[in-house]
Each structure stands twice: as C-alpha cells, then as structure tokens.
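Shown next: my_file01.cif, given as mmCIF, N, CA and C atoms.
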data_model
#
loop_
_atom_site.label_atom_id
_atom_site.label_comp_id
_atom_site.auth_asym_id
_atom_site.auth_seq_id
_atom_site.Cartn_x
_atom_site.Cartn_y
_atom_site.Cartn_z
N MET T 184 -37.40 -75.49 36.77
CA MET T 184 -38.10 -75.44 38.03
C MET T 184 -37.29 -74.60 39.00
N LEU T 185 -37.98 -73.88 39.84
CA LEU T 185 -37.37 -73.06 40.86
C LEU T 185 -37.76 -73.62 42.21
N ILE T 186 -36.76 -73.90 43.05
CA ILE T 186 -37.01 -74.36 44.41
C ILE T 186 -36.58 -73.25 45.34
N ILE T 187 -37.48 -72.85 46.22
CA ILE T 187 -37.20 -71.79 47.18
C ILE T 187 -37.08 -72.41 48.56
N THR T 188 -36.05 -72.01 49.29
CA THR T 188 -35.84 -72.54 50.64
C THR T 188 -35.72 -71.39 51.63
N GLY T 189 -35.87 -71.72 52.88
CA GLY T 189 -35.61 -70.76 53.96
C GLY T 189 -36.38 -69.47 53.84
N HIS T 190 -35.73 -68.41 54.28
CA HIS T 190 -36.33 -67.07 54.26
C HIS T 190 -36.08 -66.46 52.89
N SER T 191 -37.07 -66.56 52.04
CA SER T 191 -36.90 -66.02 50.70
C SER T 191 -38.08 -65.13 50.34
N VAL T 192 -38.01 -64.61 49.19
CA VAL T 192 -39.01 -63.66 48.71
C VAL T 192 -40.41 -64.29 48.64
N ASP T 193 -41.40 -63.47 48.85
CA ASP T 193 -42.79 -63.87 48.65
C ASP T 193 -43.09 -63.67 47.17
N LEU T 194 -43.26 -64.75 46.44
CA LEU T 194 -43.46 -64.66 44.99
C LEU T 194 -44.70 -63.87 44.62
N TYR T 195 -45.65 -63.76 45.52
CA TYR T 195 -46.90 -63.10 45.19
C TYR T 195 -46.97 -61.67 45.73
N ASP T 196 -45.87 -61.18 46.27
CA ASP T 196 -45.78 -59.78 46.65
C ASP T 196 -45.92 -58.95 45.37
N ALA T 197 -46.68 -57.87 45.45
CA ALA T 197 -46.96 -57.06 44.25
C ALA T 197 -45.68 -56.58 43.57
N ASP T 198 -44.68 -56.16 44.34
CA ASP T 198 -43.43 -55.68 43.74
C ASP T 198 -42.70 -56.80 43.01
N VAL T 199 -42.75 -58.01 43.56
CA VAL T 199 -42.10 -59.15 42.91
C VAL T 199 -42.79 -59.50 41.60
N VAL T 200 -44.11 -59.52 41.63
CA VAL T 200 -44.87 -59.83 40.42
C VAL T 200 -44.56 -58.81 39.32
N VAL T 201 -44.54 -57.53 39.68
CA VAL T 201 -44.26 -56.48 38.70
C VAL T 201 -42.83 -56.59 38.18
N SER T 202 -41.86 -56.76 39.07
CA SER T 202 -40.46 -56.79 38.62
C SER T 202 -40.15 -58.04 37.80
N ALA T 203 -40.83 -59.14 38.08
CA ALA T 203 -40.61 -60.37 37.30
C ALA T 203 -41.49 -60.39 36.05
N MET T 204 -42.31 -59.37 35.90
CA MET T 204 -43.24 -59.26 34.78
C MET T 204 -44.08 -60.53 34.63
N GLY T 205 -44.36 -61.17 35.77
CA GLY T 205 -45.22 -62.36 35.76
C GLY T 205 -44.57 -63.60 35.20
N SER T 206 -43.27 -63.54 34.90
CA SER T 206 -42.62 -64.68 34.24
C SER T 206 -42.63 -65.95 35.08
N PHE T 207 -42.63 -65.83 36.40
CA PHE T 207 -42.62 -67.04 37.21
C PHE T 207 -43.94 -67.79 37.17
N PHE T 208 -44.99 -67.19 36.60
CA PHE T 208 -46.24 -67.93 36.42
C PHE T 208 -46.08 -69.01 35.35
N LYS T 209 -45.03 -68.92 34.55
CA LYS T 209 -44.74 -69.92 33.53
C LYS T 209 -43.72 -70.94 34.02
N LEU T 210 -43.26 -70.79 35.24
CA LEU T 210 -42.19 -71.63 35.79
C LEU T 210 -42.71 -72.37 37.02
N PRO T 211 -42.55 -73.70 37.07
CA PRO T 211 -42.95 -74.41 38.28
C PRO T 211 -42.08 -73.97 39.47
N VAL T 212 -42.73 -73.63 40.56
CA VAL T 212 -42.02 -73.17 41.76
C VAL T 212 -42.51 -73.99 42.95
N ILE T 213 -41.58 -74.50 43.74
CA ILE T 213 -41.95 -75.17 44.98
C ILE T 213 -41.12 -74.58 46.12
N ARG T 214 -41.70 -74.61 47.30
CA ARG T 214 -41.00 -74.14 48.50
C ARG T 214 -40.73 -75.35 49.39
N ILE T 215 -39.46 -75.55 49.73
CA ILE T 215 -39.07 -76.63 50.63
C ILE T 215 -38.30 -75.99 51.78
N SER T 216 -38.84 -76.08 52.97
CA SER T 216 -38.22 -75.38 54.10
C SER T 216 -37.23 -76.25 54.88
N ASP T 217 -37.32 -77.56 54.75
CA ASP T 217 -36.46 -78.46 55.51
C ASP T 217 -35.31 -78.97 54.63
N ASN T 218 -34.08 -78.78 55.07
CA ASN T 218 -32.92 -79.21 54.26
C ASN T 218 -32.94 -80.70 53.97
N LYS T 219 -33.32 -81.52 54.95
CA LYS T 219 -33.35 -82.97 54.74
C LYS T 219 -34.32 -83.32 53.61
N VAL T 220 -35.48 -82.70 53.59
CA VAL T 220 -36.46 -82.94 52.53
C VAL T 220 -35.91 -82.46 51.19
N LEU T 221 -35.24 -81.31 51.20
CA LEU T 221 -34.64 -80.79 49.97
C LEU T 221 -33.60 -81.75 49.42
N PHE T 222 -32.70 -82.23 50.26
CA PHE T 222 -31.65 -83.13 49.79
C PHE T 222 -32.24 -84.45 49.29
N GLU T 223 -33.28 -84.94 49.94
CA GLU T 223 -33.95 -86.16 49.46
C GLU T 223 -34.58 -85.90 48.08
N TYR T 224 -35.14 -84.72 47.90
CA TYR T 224 -35.75 -84.34 46.62
C TYR T 224 -34.69 -84.30 45.51
N ILE T 225 -33.54 -83.72 45.81
CA ILE T 225 -32.47 -83.61 44.82
C ILE T 225 -31.81 -84.97 44.57
N ASP T 226 -31.78 -85.83 45.57
CA ASP T 226 -31.17 -87.15 45.39
C ASP T 226 -31.89 -87.99 44.34
N LYS T 227 -33.18 -87.73 44.12
CA LYS T 227 -33.92 -88.52 43.13
C LYS T 227 -33.34 -88.36 41.73
N PRO T 228 -33.16 -87.15 41.21
CA PRO T 228 -32.53 -87.06 39.88
C PRO T 228 -31.06 -87.47 39.90
N LYS T 229 -30.38 -87.26 41.04
CA LYS T 229 -28.98 -87.70 41.14
C LYS T 229 -28.87 -89.21 40.97
N ASN T 230 -29.82 -89.93 41.55
CA ASN T 230 -29.82 -91.39 41.44
C ASN T 230 -30.28 -91.85 40.06
N ARG T 231 -31.13 -91.09 39.44
CA ARG T 231 -31.67 -91.47 38.14
C ARG T 231 -30.71 -91.18 36.99
N TYR T 232 -30.01 -90.04 37.06
CA TYR T 232 -29.09 -89.62 36.00
C TYR T 232 -27.67 -89.61 36.57
N THR T 233 -26.83 -90.47 36.07
CA THR T 233 -25.48 -90.61 36.62
C THR T 233 -24.65 -89.34 36.43
N ASN T 234 -24.99 -88.54 35.44
CA ASN T 234 -24.20 -87.33 35.20
C ASN T 234 -24.86 -86.06 35.74
N PHE T 235 -25.90 -86.20 36.57
CA PHE T 235 -26.55 -85.06 37.20
C PHE T 235 -25.63 -84.46 38.26
N THR T 236 -25.44 -83.15 38.21
CA THR T 236 -24.56 -82.50 39.20
C THR T 236 -25.26 -81.32 39.85
N THR T 237 -24.83 -81.03 41.06
CA THR T 237 -25.29 -79.83 41.75
C THR T 237 -24.11 -78.88 41.81
N ILE T 238 -24.34 -77.69 41.33
CA ILE T 238 -23.29 -76.68 41.28
C ILE T 238 -23.72 -75.52 42.16
N GLY T 239 -22.92 -75.23 43.16
CA GLY T 239 -23.20 -74.11 44.05
C GLY T 239 -22.42 -72.90 43.62
N THR T 240 -22.93 -71.75 43.97
CA THR T 240 -22.24 -70.51 43.64
C THR T 240 -21.58 -69.94 44.89
N THR T 241 -20.47 -69.29 44.67
CA THR T 241 -19.75 -68.66 45.77
C THR T 241 -18.98 -67.46 45.24
N ALA T 242 -18.80 -66.48 46.09
CA ALA T 242 -18.01 -65.30 45.72
C ALA T 242 -16.55 -65.47 46.15
N HIS T 243 -16.19 -66.66 46.64
CA HIS T 243 -14.87 -66.87 47.22
C HIS T 243 -13.88 -67.51 46.27
N ASN T 244 -13.85 -67.02 45.05
CA ASN T 244 -12.79 -67.35 44.09
C ASN T 244 -12.55 -68.83 43.91
N GLU T 245 -13.60 -69.57 43.61
CA GLU T 245 -13.50 -71.00 43.33
C GLU T 245 -13.35 -71.20 41.83
N ASN T 246 -13.73 -72.37 41.35
CA ASN T 246 -13.68 -72.74 39.96
C ASN T 246 -14.47 -71.73 39.11
N PRO T 247 -13.86 -71.07 38.11
CA PRO T 247 -14.62 -70.14 37.26
C PRO T 247 -15.74 -70.87 36.53
N ILE T 248 -16.91 -70.28 36.47
CA ILE T 248 -18.08 -70.93 35.90
C ILE T 248 -17.86 -71.37 34.47
N TYR T 249 -17.08 -70.62 33.69
CA TYR T 249 -16.86 -70.99 32.30
C TYR T 249 -16.01 -72.25 32.15
N SER T 250 -15.32 -72.67 33.21
CA SER T 250 -14.52 -73.89 33.11
C SER T 250 -15.27 -75.13 33.63
N ALA T 251 -16.46 -74.92 34.18
CA ALA T 251 -17.28 -76.04 34.63
C ALA T 251 -18.04 -76.61 33.44
N ASN T 252 -18.28 -77.92 33.45
CA ASN T 252 -19.08 -78.55 32.40
C ASN T 252 -20.55 -78.37 32.75
N LEU T 253 -21.23 -77.55 31.97
CA LEU T 253 -22.64 -77.25 32.23
C LEU T 253 -23.55 -77.87 31.18
N THR T 254 -23.06 -78.88 30.49
CA THR T 254 -23.83 -79.49 29.40
C THR T 254 -24.69 -80.66 29.86
N SER T 255 -24.41 -81.21 31.02
CA SER T 255 -25.19 -82.35 31.50
C SER T 255 -26.31 -81.84 32.41
N PRO T 256 -27.24 -82.72 32.80
CA PRO T 256 -28.31 -82.29 33.72
C PRO T 256 -27.71 -81.73 35.01
N LEU T 257 -28.24 -80.60 35.46
CA LEU T 257 -27.65 -79.98 36.65
C LEU T 257 -28.68 -79.17 37.42
N MET T 258 -28.29 -78.85 38.62
CA MET T 258 -29.04 -77.94 39.47
C MET T 258 -28.09 -76.87 39.96
N LEU T 259 -28.50 -75.62 39.81
CA LEU T 259 -27.73 -74.51 40.37
C LEU T 259 -28.27 -74.21 41.76
N MET T 260 -27.37 -74.06 42.70
CA MET T 260 -27.78 -73.67 44.06
C MET T 260 -27.18 -72.29 44.32
N MET T 261 -28.05 -71.35 44.60
CA MET T 261 -27.62 -69.97 44.81
C MET T 261 -28.07 -69.50 46.18
N GLY T 262 -27.20 -68.82 46.87
CA GLY T 262 -27.53 -68.31 48.19
C GLY T 262 -28.13 -66.93 48.13
N ASN T 263 -28.41 -66.39 49.29
CA ASN T 263 -28.96 -65.03 49.31
C ASN T 263 -27.84 -64.02 49.12
N GLU T 264 -28.23 -62.77 48.93
CA GLU T 264 -27.26 -61.73 48.59
C GLU T 264 -26.38 -61.32 49.77
N THR T 265 -26.81 -61.60 50.98
CA THR T 265 -26.03 -61.20 52.15
C THR T 265 -25.01 -62.27 52.55
N MET T 266 -25.46 -63.51 52.65
CA MET T 266 -24.60 -64.56 53.19
C MET T 266 -24.17 -65.61 52.16
N GLY T 267 -24.80 -65.65 51.00
CA GLY T 267 -24.49 -66.70 50.03
C GLY T 267 -25.09 -68.02 50.47
N LEU T 268 -24.56 -69.10 49.92
CA LEU T 268 -25.04 -70.44 50.30
C LEU T 268 -24.64 -70.77 51.72
N ASN T 269 -25.51 -71.42 52.44
CA ASN T 269 -25.13 -71.83 53.79
C ASN T 269 -24.18 -73.04 53.72
N LYS T 270 -23.57 -73.36 54.83
CA LYS T 270 -22.56 -74.42 54.89
C LYS T 270 -23.11 -75.77 54.43
N ALA T 271 -24.33 -76.12 54.85
CA ALA T 271 -24.92 -77.41 54.48
C ALA T 271 -25.09 -77.51 52.97
N PHE T 272 -25.54 -76.44 52.33
CA PHE T 272 -25.72 -76.46 50.88
C PHE T 272 -24.38 -76.56 50.17
N LYS T 273 -23.38 -75.82 50.64
CA LYS T 273 -22.04 -75.88 50.03
C LYS T 273 -21.49 -77.30 50.10
N GLU T 274 -21.65 -77.94 51.25
CA GLU T 274 -21.12 -79.30 51.41
C GLU T 274 -21.88 -80.31 50.54
N TYR T 275 -23.14 -80.04 50.26
CA TYR T 275 -23.94 -80.96 49.45
C TYR T 275 -23.59 -80.86 47.96
N CYS T 276 -23.14 -79.70 47.52
CA CYS T 276 -22.84 -79.47 46.10
C CYS T 276 -21.69 -80.34 45.62
N ASP T 277 -21.77 -80.75 44.36
CA ASP T 277 -20.67 -81.48 43.74
C ASP T 277 -19.48 -80.56 43.47
N SER T 278 -19.76 -79.29 43.16
CA SER T 278 -18.69 -78.31 42.97
C SER T 278 -19.22 -76.92 43.26
N LEU T 279 -18.30 -76.03 43.57
CA LEU T 279 -18.62 -74.63 43.79
C LEU T 279 -17.97 -73.82 42.68
N CYS T 280 -18.71 -72.88 42.14
CA CYS T 280 -18.20 -72.07 41.03
C CYS T 280 -18.36 -70.59 41.33
N THR T 281 -17.55 -69.82 40.66
CA THR T 281 -17.52 -68.38 40.82
C THR T 281 -17.71 -67.71 39.47
N ILE T 282 -18.37 -66.58 39.47
CA ILE T 282 -18.39 -65.73 38.28
C ILE T 282 -17.18 -64.82 38.42
N PRO T 283 -16.19 -64.97 37.53
CA PRO T 283 -14.98 -64.16 37.66
C PRO T 283 -15.28 -62.66 37.56
N MET T 284 -14.63 -61.89 38.41
CA MET T 284 -14.79 -60.43 38.40
C MET T 284 -13.41 -59.80 38.38
N SER T 285 -13.33 -58.63 37.86
CA SER T 285 -12.06 -57.91 37.79
C SER T 285 -11.54 -57.65 39.20
N GLY T 286 -10.25 -57.84 39.37
CA GLY T 286 -9.61 -57.54 40.65
C GLY T 286 -9.64 -56.06 40.97
N LYS T 287 -9.89 -55.24 39.97
CA LYS T 287 -9.95 -53.79 40.15
C LYS T 287 -11.35 -53.31 40.55
N SER T 288 -12.31 -54.23 40.54
CA SER T 288 -13.69 -53.87 40.83
C SER T 288 -13.88 -53.61 42.32
N TYR T 289 -14.75 -52.67 42.64
CA TYR T 289 -15.10 -52.42 44.03
C TYR T 289 -16.10 -53.44 44.53
N ALA T 290 -16.88 -54.00 43.63
CA ALA T 290 -17.88 -55.00 44.00
C ALA T 290 -17.19 -56.34 44.19
N THR T 291 -17.70 -57.14 45.13
CA THR T 291 -17.13 -58.47 45.35
C THR T 291 -18.05 -59.58 44.85
N SER T 292 -19.29 -59.21 44.51
CA SER T 292 -20.24 -60.20 44.01
C SER T 292 -21.37 -59.49 43.29
N PHE T 293 -22.22 -60.28 42.64
CA PHE T 293 -23.41 -59.76 41.98
C PHE T 293 -24.62 -60.02 42.86
N ASN T 294 -25.72 -59.29 42.60
CA ASN T 294 -26.94 -59.68 43.30
C ASN T 294 -27.44 -60.98 42.67
N VAL T 295 -28.36 -61.64 43.34
CA VAL T 295 -28.77 -62.98 42.94
C VAL T 295 -29.36 -63.01 41.53
N SER T 296 -30.18 -62.02 41.20
CA SER T 296 -30.79 -62.05 39.86
C SER T 296 -29.75 -61.86 38.77
N CYS T 297 -28.78 -60.99 38.98
CA CYS T 297 -27.72 -60.80 37.98
C CYS T 297 -26.87 -62.07 37.87
N ALA T 298 -26.51 -62.65 39.00
CA ALA T 298 -25.70 -63.87 38.98
C ALA T 298 -26.45 -65.00 38.28
N ALA T 299 -27.74 -65.15 38.58
CA ALA T 299 -28.53 -66.21 37.94
C ALA T 299 -28.58 -66.01 36.43
N SER T 300 -28.73 -64.77 36.00
CA SER T 300 -28.76 -64.47 34.56
C SER T 300 -27.44 -64.85 33.89
N ILE T 301 -26.34 -64.51 34.51
CA ILE T 301 -25.03 -64.84 33.95
C ILE T 301 -24.84 -66.35 33.89
N LEU T 302 -25.21 -67.04 34.95
CA LEU T 302 -25.05 -68.50 34.99
C LEU T 302 -25.93 -69.19 33.96
N MET T 303 -27.17 -68.74 33.83
CA MET T 303 -28.05 -69.36 32.84
C MET T 303 -27.59 -69.04 31.42
N TYR T 304 -27.01 -67.86 31.21
CA TYR T 304 -26.43 -67.55 29.90
C TYR T 304 -25.29 -68.53 29.61
N GLU T 305 -24.42 -68.78 30.59
CA GLU T 305 -23.29 -69.68 30.38
C GLU T 305 -23.75 -71.10 30.11
N ILE T 306 -24.79 -71.54 30.79
CA ILE T 306 -25.35 -72.87 30.51
C ILE T 306 -25.85 -72.92 29.06
N THR T 307 -26.58 -71.91 28.66
CA THR T 307 -27.11 -71.84 27.29
C THR T 307 -25.98 -71.79 26.27
N ARG T 308 -24.95 -71.01 26.56
CA ARG T 308 -23.80 -70.89 25.65
C ARG T 308 -23.12 -72.24 25.48
N GLN T 309 -22.85 -72.92 26.60
CA GLN T 309 -22.16 -74.21 26.52
C GLN T 309 -22.99 -75.26 25.82
N ARG T 310 -24.28 -75.19 25.95
CA ARG T 310 -25.16 -76.19 25.33
C ARG T 310 -25.47 -75.86 23.88
N GLY T 311 -25.04 -74.69 23.42
CA GLY T 311 -25.26 -74.30 22.04
C GLY T 311 -26.72 -74.05 21.71
N ILE T 312 -27.48 -73.60 22.72
CA ILE T 312 -28.90 -73.35 22.52
C ILE T 312 -29.05 -71.90 22.04
N ASN T 313 -29.81 -71.71 20.99
CA ASN T 313 -30.02 -70.36 20.47
C ASN T 313 -31.35 -69.80 20.89
#
Show me the file's structure as structure tokens.
Amino acid sequence: MLIITGHSVDLYDADVVVSAMGSFFKLPVIRISDNKVLFEYIDKPKNRYTNFTTIGTTAHNENPIYSANLTSPLMLMMGNETMGLNKAFKEYCDSLCTIPMSGKSYATSFNVSCAASILMYEITRQRGIN
C-alpha cells in the first residue's frame, strides 16, 4: 500500500501515469493529509503486530539500511526530494536509515523513486524473496 501525505504528486497526472506505466493501478493508494490521522492509522498495525516497525529514510548518515532488520512487518517513510522527512515523521519513526553512498560522490542523496527502489530491493533481499 502507498500512503501519500502533504504536497505530493497527482497520481492521475498524464506524465505520472506514463512514467509509472500504470503500475499504481495495481497498488492500493490512499491520501492522508493530517499527521494525527496518519499516525492513528499507522498505530493500528503497530498495536496489532508487536514486531511492526516504521523506518524513516534520511540522507544524514544514520544507520545503513543493510544493517537494519527488514524481515518483520514494516512501513517505510520517505520524504520529498528537497527536504526529506519532516521533523514530526522523523520523531515518529522507530529508526532512521541511510542508503550508504561513496564519500567521493558529488551527490548527497538519491531521488525518491531511486531510493524507494533500493530500499525495496534490500527488503526483498533480506527476506529471501525471489
């Protein structure tokens, strides 16, 4: 499931539909604009599954994603490409993780779609899903 918050992309914009090749039509998507409602929504699986975790992403050299346990039920929280996760989301997360990058790189972070792809690959790798 994909949860969209705040000022985010219009999923039905023609460019978005073309670039996503319509794949989000196969994925449940909800928009929640109020943080309190979002946190209440996330608290439901947290209360139901004792090992459910929320993992936030950050470009600020936190825990490398490959060292996080991604085998239990989880939610990834990703910020926008300009500012990253806001303070409230960072504080709500159980942990913050980073995609390690070379110190010699000129880039300091990935765009959201690249970062999401890398994170979902790591989840799949750790879970041994082929």
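For the pair atom CA of Pro211 of chain T and atom CA of Ser250 of chain T, the interatomic distance is 28.9 Å.
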### Task
Would you mind listing what lies within 7 Å of segment 295-300 of chain T as a count of residues only, with all atoms listed in the file counted and same-chain residues fewer than 6 positions away left out?
3
### Task
Check the smallest atom-to-atom distance from each of T:Asn230, T:Gly189, T:Glu305, T:Met258 to Asn218 of chain T using all atoms listed in the file, then report the winner.
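For Asn218 of chain T, the nearest of the candidates is T:Gly189.
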### Given the PyMOL selection byres ((chain T and resi 279) around 6.5), the residues it picks as a ChimeraX atom specification
/T:238-241,245-246,276-278,280-281
### Message
Around (-38.7, -77.1, 42.0), as given in the file, which residues come within 8 Å? Count only N, CA and C atoms and list them as a PyMOL selection string.
### Response
chain T and resi 184-187+210-215
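The neighbours of Gln309 of chain T here are the residues that come within 7 Å of it, using only N, CA and C atoms and leaving out any residue fewer than 4 positions away in the same chain; they are Leu253, Thr254, Tyr304 and Glu305 of chain T.
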### Query
What is the atom N of Thr237 of chain T-atom N of Phe222 of chain T distance in Å, reported with one decimal?
12.2 Å
### Summary
re atom CA of Tyr224 of chain T and atom CA of Leu257 of chain T: distance 13.6 Å
### Task
Could you pull out the residues in segment 207-294 of chain T that DSSP calls helix (DSSP H, G or I) from the backbone, as a PyMOL selection string?
chain T and resi 207-209+218-231+248-250+270-275
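Of the residues in segment 237-308 of chain T, those that DSSP places in strand (DSSP E or B) on the basis of the backbone are Thr237, Ile238, Gly239, Thr240, Asn246, Pro247, Leu257, Met258, Leu259, Met260, Asn263, Gly267, Ser278, Leu279, Cys280 and Thr281 of chain T.
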Fill-in result for segment 246-266 of chain T, N, CA, C and O atoms as an mmCIF file, in the coordinates of the input:
data_model
loop_
_atom_site.group_PDB
_atom_site.id
_atom_site.type_symbol
_atom_site.label_atom_id
_atom_site.label_comp_id
_atom_site.auth_asym_id
_atom_site.auth_seq_id
_atom_site.Cartn_x
_atom_site.Cartn_y
_atom_site.Cartn_z
ATOM 1 N N ASN T 246 -13.730 -72.370 41.350
ATOM 2 C CA ASN T 246 -13.680 -72.740 39.960
ATOM 3 C C ASN T 246 -14.470 -71.730 39.110
ATOM 4 O O ASN T 246 -15.661 -71.539 39.344
ATOM 5 N N PRO T 247 -13.860 -71.070 38.110
ATOM 6 C CA PRO T 247 -14.620 -70.140 37.260
ATOM 7 C C PRO T 247 -15.740 -70.870 36.530
ATOM 8 O O PRO T 247 -15.537 -71.969 36.020
ATOM 9 N N ILE T 248 -16.910 -70.280 36.470
ATOM 10 C CA ILE T 248 -18.080 -70.930 35.900
ATOM 11 C C ILE T 248 -17.860 -71.370 34.470
ATOM 12 O O ILE T 248 -18.350 -72.409 34.047
ATOM 13 N N TYR T 249 -17.080 -70.620 33.690
ATOM 14 C CA TYR T 249 -16.860 -70.990 32.300
ATOM 15 C C TYR T 249 -16.010 -72.250 32.150
ATOM 16 O O TYR T 249 -15.991 -72.863 31.097
ATOM 17 N N SER T 250 -15.320 -72.670 33.210
ATOM 18 C CA SER T 250 -14.520 -73.890 33.110
ATOM 19 C C SER T 250 -15.270 -75.130 33.630
ATOM 20 O O SER T 250 -14.771 -76.242 33.513
ATOM 21 N N ALA T 251 -16.460 -74.920 34.180
ATOM 22 C CA ALA T 251 -17.280 -76.040 34.630
ATOM 23 C C ALA T 251 -18.040 -76.610 33.440
ATOM 24 O O ALA T 251 -18.413 -75.884 32.522
ATOM 25 N N ASN T 252 -18.280 -77.920 33.450
ATOM 26 C CA ASN T 252 -19.080 -78.550 32.400
ATOM 27 C C ASN T 252 -20.550 -78.370 32.750
ATOM 28 O O ASN T 252 -21.046 -78.981 33.690
ATOM 29 N N LEU T 253 -21.230 -77.550 31.970
ATOM 30 C CA LEU T 253 -22.640 -77.250 32.230
ATOM 31 C C LEU T 253 -23.550 -77.870 31.180
ATOM 32 O O LEU T 253 -24.692 -77.442 31.011
ATOM 33 N N THR T 254 -23.060 -78.880 30.490
ATOM 34 C CA THR T 254 -23.830 -79.490 29.400
ATOM 35 C C THR T 254 -24.690 -80.660 29.860
ATOM 36 O O THR T 254 -25.583 -81.081 29.141
ATOM 37 N N SER T 255 -24.410 -81.210 31.020
ATOM 38 C CA SER T 255 -25.190 -82.350 31.500
ATOM 39 C C SER T 255 -26.310 -81.840 32.410
ATOM 40 O O SER T 255 -26.345 -80.665 32.780
ATOM 41 N N PRO T 256 -27.240 -82.720 32.800
ATOM 42 C CA PRO T 256 -28.310 -82.290 33.720
ATOM 43 C C PRO T 256 -27.710 -81.730 35.010
ATOM 44 O O PRO T 256 -26.759 -82.304 35.550
ATOM 45 N N LEU T 257 -28.240 -80.600 35.460
ATOM 46 C CA LEU T 257 -27.650 -79.980 36.650
ATOM 47 C C LEU T 257 -28.680 -79.170 37.420
ATOM 48 O O LEU T 257 -29.746 -78.854 36.920
ATOM 49 N N MET T 258 -28.290 -78.850 38.620
ATOM 50 C CA MET T 258 -29.040 -77.940 39.470
ATOM 51 C C MET T 258 -28.090 -76.870 39.960
ATOM 52 O O MET T 258 -26.996 -77.188 40.429
ATOM 53 N N LEU T 259 -28.500 -75.620 39.810
ATOM 54 C CA LEU T 259 -27.730 -74.510 40.370
ATOM 55 C C LEU T 259 -28.270 -74.210 41.760
ATOM 56 O O LEU T 259 -29.483 -74.114 41.945
ATOM 57 N N MET T 260 -27.370 -74.060 42.700
ATOM 58 C CA MET T 260 -27.780 -73.670 44.060
ATOM 59 C C MET T 260 -27.180 -72.290 44.320
ATOM 60 O O MET T 260 -25.963 -72.112 44.233
ATOM 61 N N MET T 261 -28.050 -71.350 44.600
ATOM 62 C CA MET T 261 -27.620 -69.970 44.810
ATOM 63 C C MET T 261 -28.070 -69.500 46.180
ATOM 64 O O MET T 261 -29.207 -69.757 46.585
ATOM 65 N N GLY T 262 -27.200 -68.820 46.870
ATOM 66 C CA GLY T 262 -27.530 -68.310 48.190
ATOM 67 C C GLY T 262 -28.130 -66.930 48.130
ATOM 68 O O GLY T 262 -28.311 -66.365 47.048
ATOM 69 N N ASN T 263 -28.410 -66.390 49.290
ATOM 70 C CA ASN T 263 -28.960 -65.030 49.310
ATOM 71 C C ASN T 263 -27.840 -64.020 49.120
ATOM 72 O O ASN T 263 -26.659 -64.347 49.146
ATOM 73 N N GLU T 264 -28.230 -62.770 48.930
ATOM 74 C CA GLU T 264 -27.260 -61.730 48.590
ATOM 75 C C GLU T 264 -26.380 -61.320 49.770
ATOM 76 O O GLU T 264 -25.305 -60.787 49.562
ATOM 77 N N THR T 265 -26.810 -61.600 50.980
ATOM 78 C CA THR T 265 -26.030 -61.200 52.150
ATOM 79 C C THR T 265 -25.010 -62.270 52.550
ATOM 80 O O THR T 265 -23.837 -61.968 52.732
ATOM 81 N N MET T 266 -25.460 -63.510 52.650
ATOM 82 C CA MET T 266 -24.600 -64.560 53.190
ATOM 83 C C MET T 266 -24.170 -65.610 52.160
ATOM 84 O O MET T 266 -23.324 -66.432 52.442
#
